[in-house]
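K.L.:
Next up, protein-v7.cif (mmCIF, C-alpha atoms).
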data_coords
#
loop_
_atom_site.label_atom_id
_atom_site.label_comp_id
_atom_site.auth_asym_id
_atom_site.auth_seq_id
_atom_site.Cartn_x
_atom_site.Cartn_y
_atom_site.Cartn_z
CA MET Q 264 103.36 191.29 89.28
CA PRO Q 265 107.05 192.00 89.95
CA GLN Q 266 108.81 194.40 87.69
CA GLU Q 267 111.90 193.29 85.76
CA ASN Q 268 115.12 195.06 86.71
CA PRO Q 269 117.54 195.10 83.71
CA ALA Q 270 120.57 195.73 85.99
CA PHE Q 271 119.98 192.49 87.94
CA SER Q 272 120.32 188.92 86.57
CA LEU Q 273 120.10 185.61 88.41
CA VAL Q 274 122.63 184.16 85.99
CA PRO Q 275 125.38 186.67 85.33
CA LEU Q 276 126.48 186.72 81.71
CA GLU Q 277 129.73 187.93 80.27
CA GLU Q 278 129.57 191.16 78.34
CA GLY Q 279 128.12 190.53 74.89
CA ALA Q 280 127.18 186.86 75.57
CA ASP Q 281 124.07 185.49 73.86
CA PRO Q 282 121.64 184.37 76.62
CA GLU Q 283 120.06 181.73 74.35
CA ALA Q 284 123.48 180.17 73.53
CA VAL Q 285 124.42 180.12 77.22
CA LEU Q 286 121.10 178.43 78.05
CA ASP Q 287 121.56 175.83 75.27
CA ALA Q 288 125.10 175.02 76.52
CA ALA Q 289 123.84 174.68 80.11
CA GLU Q 290 121.04 172.31 79.00
CA ALA Q 291 123.48 170.18 76.97
CA SER Q 292 125.85 169.78 79.93
CA VAL Q 293 123.24 168.75 82.52
CA PHE Q 294 124.09 165.06 82.26
CA ASP Q 295 127.86 165.43 81.85
CA ASP Q 296 129.89 163.59 84.49
CA PRO Q 297 132.75 165.88 85.59
CA PHE Q 298 134.62 162.87 87.01
CA ALA Q 299 134.35 160.64 83.94
CA ALA Q 300 137.59 159.68 82.20
CA ALA Q 301 138.18 161.32 78.86
CA GLU Q 302 136.74 159.39 75.91
CA GLY Q 303 139.01 156.55 74.80
CA GLU Q 304 141.32 156.78 77.82
CA ASP Q 305 141.07 153.62 79.88
CA PRO Q 306 143.11 153.62 83.07
CA PRO Q 307 146.07 151.22 82.98
CA ILE Q 308 145.56 147.73 84.37
CA PRO Q 309 146.99 147.74 87.90
CA PHE Q 310 150.05 145.60 88.55
CA GLY Q 311 148.15 144.17 91.48
CA ARG Q 312 149.84 142.70 94.50
CA SER Q 313 151.95 139.69 95.28
CA TRP Q 314 154.27 138.31 97.93
CA ALA Q 315 157.94 139.25 98.16
CA PHE Q 316 160.18 136.24 97.54
CA ASP Q 317 163.90 135.80 98.24
CA TYR Q 318 165.15 133.68 95.33
CA ASP Q 319 168.61 133.20 96.86
CA LYS Q 320 167.17 131.63 100.02
CA GLY Q 321 164.17 130.04 98.27
CA ARG Q 322 161.54 131.41 100.65
CA PHE Q 323 159.08 134.23 101.10
CA ILE Q 324 160.27 137.40 102.79
CA ARG Q 325 158.52 137.98 106.09
CA SER Q 326 157.41 141.26 107.63
CA ALA Q 327 155.92 141.43 111.13
CA GLY Q 328 155.49 137.65 111.17
CA ALA Q 329 153.61 137.43 107.86
CA PRO Q 330 154.71 137.28 104.22
CA ALA Q 331 155.68 140.73 102.95
CA GLU Q 332 153.28 142.08 100.36
CA THR Q 333 154.30 143.85 97.16
CA ARG Q 334 152.28 146.38 95.18
CA GLY Q 335 152.75 148.35 91.99
CA VAL Q 336 156.15 148.17 90.31
CA ALA Q 337 157.45 145.85 93.05
CA THR Q 338 154.81 143.33 91.93
CA LEU Q 339 156.01 143.66 88.33
CA ILE Q 340 159.57 142.91 89.50
CA GLU Q 341 158.28 139.79 91.31
CA TYR Q 342 156.49 138.76 88.11
CA VAL Q 343 159.68 139.10 86.05
CA ASN Q 344 161.75 137.18 88.61
CA ALA Q 345 159.19 134.37 88.77
CA ALA Q 346 158.75 134.20 84.99
CA MET Q 347 162.49 133.82 84.33
CA ARG Q 348 162.64 130.87 86.76
CA THR Q 349 159.48 129.03 85.70
CA ALA Q 350 159.04 126.55 82.87
CA ALA Q 351 156.08 127.53 80.68
CA GLY Q 352 153.05 125.25 80.85
CA VAL Q 353 154.35 123.10 83.71
CA HIS Q 354 152.19 124.38 86.54
CA PRO Q 355 148.43 124.02 85.91
CA ILE Q 356 147.66 126.94 88.23
CA LEU Q 357 149.58 129.36 85.96
CA PRO Q 358 148.56 130.49 82.46
CA PRO Q 359 150.32 128.44 79.75
CA GLU Q 360 152.18 131.49 78.41
CA PHE Q 361 153.72 132.26 81.82
CA GLY Q 362 157.40 131.36 82.10
CA ILE Q 363 160.22 130.36 79.81
CA GLU Q 364 159.79 127.59 77.30
CA SER Q 365 162.04 124.57 77.77
CA PRO Q 366 164.55 125.85 80.35
CA GLU Q 367 165.97 122.32 80.56
CA ASP Q 368 167.43 122.81 77.05
CA PHE Q 369 170.39 124.55 78.67
CA LEU Q 370 171.51 121.30 80.34
CA GLY Q 371 174.85 120.29 78.89
CA THR Q 372 175.30 123.55 76.98
CA VAL Q 373 178.88 124.77 77.03
CA ASP Q 374 178.79 127.66 74.58
CA PRO Q 375 177.86 130.72 76.69
CA THR Q 376 177.03 132.83 73.64
CA GLU Q 377 174.44 130.38 72.37
CA ALA Q 378 172.95 129.76 75.84
CA LEU Q 379 172.62 133.46 76.63
CA SER Q 380 171.13 134.24 73.23
CA ASP Q 381 168.53 131.46 73.64
CA PHE Q 382 167.77 132.55 77.18
CA GLN Q 383 167.37 136.17 76.10
CA ASP Q 384 164.95 135.23 73.29
CA ARG Q 385 162.88 132.97 75.54
CA LEU Q 386 162.84 135.52 78.36
CA ARG Q 387 161.71 138.27 76.00
CA ARG Q 388 158.80 136.12 74.71
CA ALA Q 389 157.85 135.22 78.28
CA LEU Q 390 157.82 138.81 79.50
CA ILE Q 391 156.07 140.38 76.50
CA ALA Q 392 153.11 138.06 77.29
CA HIS Q 393 152.35 140.37 80.27
CA ASP Q 394 149.62 142.91 79.50
CA ARG Q 395 151.65 145.82 80.85
CA ILE Q 396 155.13 144.99 79.45
CA GLU Q 397 155.78 146.66 76.11
CA ASP Q 398 159.49 146.03 75.66
CA VAL Q 399 162.53 144.31 77.16
CA ARG Q 400 165.85 146.13 76.70
CA SER Q 401 169.50 146.14 77.70
CA PHE Q 402 169.78 142.43 78.44
CA GLU Q 403 173.19 141.60 79.88
CA ALA Q 404 174.03 138.28 81.48
CA ASP Q 405 176.82 135.85 82.29
CA TRP Q 406 176.56 132.07 81.99
CA ASP Q 407 178.38 129.61 84.23
CA PRO Q 408 177.78 126.15 82.73
CA SER Q 409 179.60 124.38 85.57
CA LEU Q 410 177.06 125.73 88.08
CA GLY Q 411 174.12 125.88 85.67
CA ILE Q 412 173.50 129.52 86.54
CA ILE Q 413 172.77 132.50 84.35
CA THR Q 414 173.43 135.77 86.16
CA VAL Q 415 171.25 138.51 84.71
CA THR Q 416 173.31 141.61 85.44
CA ASN Q 417 171.07 144.10 83.65
CA LEU Q 418 167.57 144.02 82.24
CA LEU Q 419 165.23 146.95 81.59
CA ILE Q 420 161.48 146.42 81.41
CA VAL Q 421 159.44 149.09 79.60
CA THR Q 422 155.79 149.28 80.66
CA ASP Q 423 152.80 150.41 78.62
CA GLN Q 424 153.04 153.75 80.44
CA GLU Q 425 156.67 154.04 79.21
CA ASP Q 426 158.09 153.56 82.71
CA VAL Q 427 161.48 151.84 82.71
CA VAL Q 428 161.93 149.25 85.47
CA PRO Q 429 165.47 147.90 86.08
CA ILE Q 430 165.91 144.24 87.00
CA GLY Q 431 169.09 142.65 88.28
CA PRO Q 432 171.52 141.52 89.19
CA THR Q 433 169.90 138.17 89.82
CA ASP Q 434 170.95 134.53 89.45
CA VAL Q 435 168.74 132.12 87.52
CA GLU Q 436 169.41 128.43 87.97
CA VAL Q 437 168.75 126.64 84.69
CA GLU Q 438 169.65 123.14 85.80
CA ALA Q 439 167.38 120.92 87.83
#
What would the structure in this file look like if it were written as structure tokens?
P.N.:
Amino acid sequence: MPQENPAFSLVPLEEGADPEAVLDAAEASVFDDPFAAAEGEDPPIPFGRSWAFDYDKGRFIRSAGAPAETRGVATLIEYVNAAMRTAAGVHPILPPEFGIESPEDFLGTVDPTEALSDFQDRLRRALIAHDRIEDVRSFEADWDPSLGIITVTNLLIVTDQEDVVPIGPTDVEVEA
């Protein structure tokens, strides 16, 4: 039978550590996953991917002969641009909350203050519907009733991760 050597230990312990407590802690951690996310911390929903669109020309942007793909924040910017130009509930392929309610209401409007205020309120409701958009700030726009165009000169989107994404300048045609 081998003799025990008190100077040698298979599991080195810190000076003064209780071997029973160290063993109990080791047994308790056997099934711990070192790569598991911390309790209660779900990763953010990805922005996904989309296709880059040129709203001035009315067509998709091409790259190497195919539509250019967007990912991350660029996809969020595409979402915002599409939402501010889409009437809510009109396209069956899109969720009913996507887009601005009644954009045709601006037809015949001459008071820029009223039109911009309505547009801002409707745009805010449309964008807050996105799972990752927490706030819409710093809305600045100009309204040209003769052309039926609202030019959004500044718009800040605040994500659920508190990232601030600037949008603009961009023209939004509100007349059909």
K.L.:
For the structure provided, state which residues fall under the PyMOL selection byres ((chain Q and resi 389) around 10), and present them as a list in words.
P.N.:
Val343, Ala346, Met347, Thr349, Ala350, Ala351, Glu360, Phe361, Gly362, Ile363, Glu364, Gln383, Asp384, Arg385, Leu386, Arg387, Arg388, Leu390, Ile391, Ala392 and His393 of chain Q
K.L.:
Rank Q:Ala331, Q:Thr414, Q:Asp296, Q:Ser401 by their smallest atom-to-atom distance to Thr433 (chain Q), using only C-alpha atoms, and report the top residue only.
P.N.:
Q:Thr414
K.L.:
Using only C-alpha atoms, determine which residues lie at most 6 Å from region 419-421 of chain Q, disregarding the query and same-chain residues fewer than 5 positions distant; provide the list as JSON, numbers by chain.
P.N.:
{"Q": [396, 397, 398, 399, 400, 401, 426, 427, 428, 429]}
K.L.:
Please report the interatomic distance between CA of Ala378 (chain Q) and CA of Leu339 (chain Q) in Å with one decimal.
P.N.:
25.2 Å
K.L.:
Take CA of Ala327 (chain Q) and CA of Arg312 (chain Q) and report the distance between them in Å, one decimal.
P.N.:
17.8 Å
K.L.:
Could you name the residues that touch Phe310 (chain Q) at 8 Å or less, counting all atoms listed in the file, but leaving out those on the same chain fewer than 6 positions away, as a ChimeraX atom specification?
P.N.:
/Q:334-336,338-339,395
K.L.:
What separation in Å, quoted to one decimal, exists between CA of Leu357 (chain Q) and CA of Ile324 (chain Q)?
P.N.:
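These atoms are spaced 21.5 Å apart.
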K.L.:
List, as a list in words, every residue that the PyMOL selection byres ((chain Q and resi 319) around 10) selects in the file provided.
P.N.:
Phe316, Asp317, Tyr318, Lys320, Gly321, Arg322, Thr433, Asp434 and Val435 of chain Q
K.L.:
Need to verify the contact set: Ile412 (chain Q), 7 Å, all atoms listed in the file, exclusion of same-chain residues closer than 3 positions in sequence. Can you return it as a count of residues only?
P.N.:
7
K.L.:
Let me make sure I understand: among Q:Tyr342, Q:Ala291, Q:Val415, Q:Trp314, which one has the smallest atom-to-atom distance to Ala329 (chain Q) if we use only C-alpha atoms?
P.N.:
Q:Trp314
K.L.:
Would you mind completing region 385-418 of chain Q to N, CA and C atoms and writing the output as a tab-separated table (two decimals), in the frame of the given file?
P.N.:
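Below is the file that was written, rebuild.tsv:
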chain	number	residue	atom	x	y	z
Q	385	ARG	N	163.97	133.61	74.80
Q	385	ARG	CA	162.88	132.97	75.54
Q	385	ARG	C	162.35	133.89	76.64
Q	386	LEU	N	163.26	134.60	77.30
Q	386	LEU	CA	162.84	135.52	78.36
Q	386	LEU	C	162.02	136.66	77.76
Q	387	ARG	N	162.44	137.19	76.66
Q	387	ARG	CA	161.71	138.27	76.00
Q	387	ARG	C	160.29	137.82	75.66
Q	388	ARG	N	160.14	136.64	75.05
Q	388	ARG	CA	158.80	136.12	74.71
Q	388	ARG	C	157.95	135.94	75.97
Q	389	ALA	N	158.58	135.45	77.03
Q	389	ALA	CA	157.85	135.22	78.28
Q	389	ALA	C	157.36	136.52	78.89
Q	390	LEU	N	158.18	137.55	78.85
Q	390	LEU	CA	157.82	138.81	79.50
Q	390	LEU	C	156.85	139.64	78.68
Q	391	ILE	N	156.97	139.61	77.36
Q	391	ILE	CA	156.07	140.38	76.50
Q	391	ILE	C	154.64	139.85	76.62
Q	392	ALA	N	154.45	138.62	77.10
Q	392	ALA	CA	153.11	138.06	77.29
Q	392	ALA	C	152.32	138.84	78.35
Q	393	HIS	N	153.02	139.56	79.23
Q	393	HIS	CA	152.35	140.37	80.27
Q	393	HIS	C	151.64	141.55	79.62
Q	394	ASP	N	150.42	141.82	80.08
Q	394	ASP	CA	149.62	142.91	79.50
Q	394	ASP	C	150.28	144.27	79.59
Q	395	ARG	N	151.09	144.49	80.61
Q	395	ARG	CA	151.65	145.82	80.85
Q	395	ARG	C	153.08	145.98	80.37
Q	396	ILE	N	153.74	144.90	79.91
Q	396	ILE	CA	155.13	144.99	79.45
Q	396	ILE	C	155.14	145.20	77.94
Q	397	GLU	N	155.71	146.32	77.52
Q	397	GLU	CA	155.78	146.66	76.11
Q	397	GLU	C	157.10	146.26	75.47
Q	398	ASP	N	158.19	146.31	76.25
Q	398	ASP	CA	159.49	146.03	75.66
Q	398	ASP	C	160.46	145.54	76.74
Q	399	VAL	N	161.46	144.80	76.29
Q	399	VAL	CA	162.53	144.31	77.16
Q	399	VAL	C	163.83	144.78	76.51
Q	400	ARG	N	164.64	145.53	77.27
Q	400	ARG	CA	165.85	146.13	76.70
Q	400	ARG	C	167.06	145.86	77.57
Q	401	SER	N	168.21	146.14	77.01
Q	401	SER	CA	169.50	146.14	77.70
Q	401	SER	C	169.78	144.83	78.44
Q	402	PHE	N	169.51	143.72	77.81
Q	402	PHE	CA	169.78	142.43	78.44
Q	402	PHE	C	171.28	142.19	78.49
Q	403	GLU	N	171.79	141.98	79.69
Q	403	GLU	CA	173.19	141.60	79.88
Q	403	GLU	C	173.22	140.47	80.89
Q	404	ALA	N	173.99	139.43	80.58
Q	404	ALA	CA	174.03	138.28	81.48
Q	404	ALA	C	175.34	137.53	81.31
Q	405	ASP	N	175.65	136.74	82.32
Q	405	ASP	CA	176.82	135.85	82.29
Q	405	ASP	C	176.31	134.43	82.53
Q	406	TRP	N	176.96	133.46	81.90
Q	406	TRP	CA	176.56	132.07	81.99
Q	406	TRP	C	177.69	131.26	82.58
Q	407	ASP	N	177.41	130.51	83.63
Q	407	ASP	CA	178.38	129.61	84.23
Q	407	ASP	C	177.86	128.19	84.06
Q	408	PRO	N	178.31	127.49	82.99
Q	408	PRO	CA	177.78	126.15	82.73
Q	408	PRO	C	178.13	125.13	83.81
Q	409	SER	N	179.23	125.34	84.53
Q	409	SER	CA	179.60	124.38	85.57
Q	409	SER	C	178.61	124.43	86.75
Q	410	LEU	N	178.06	125.60	87.01
Q	410	LEU	CA	177.06	125.73	88.08
Q	410	LEU	C	175.63	125.69	87.55
Q	411	GLY	N	175.46	125.85	86.24
Q	411	GLY	CA	174.12	125.88	85.67
Q	411	GLY	C	173.38	127.15	86.05
Q	412	ILE	N	174.10	128.26	86.11
Q	412	ILE	CA	173.50	129.52	86.54
Q	412	ILE	C	173.75	130.61	85.51
Q	413	ILE	N	172.67	131.29	85.16
Q	413	ILE	CA	172.77	132.50	84.35
Q	413	ILE	C	172.57	133.67	85.31
Q	414	THR	N	173.54	134.58	85.33
Q	414	THR	CA	173.43	135.77	86.16
Q	414	THR	C	172.99	136.92	85.26
Q	415	VAL	N	171.77	137.37	85.46
Q	415	VAL	CA	171.25	138.51	84.71
Q	415	VAL	C	171.75	139.75	85.43
Q	416	THR	N	172.71	140.44	84.80
Q	416	THR	CA	173.31	141.61	85.44
Q	416	THR	C	172.53	142.89	85.14
Q	417	ASN	N	171.84	142.92	84.01
Q	417	ASN	CA	171.07	144.10	83.65
Q	417	ASN	C	169.91	143.70	82.75
Q	418	LEU	N	168.76	144.26	83.04
Q	418	LEU	CA	167.57	144.02	82.24
Q	418	LEU	C	166.64	145.20	82.50
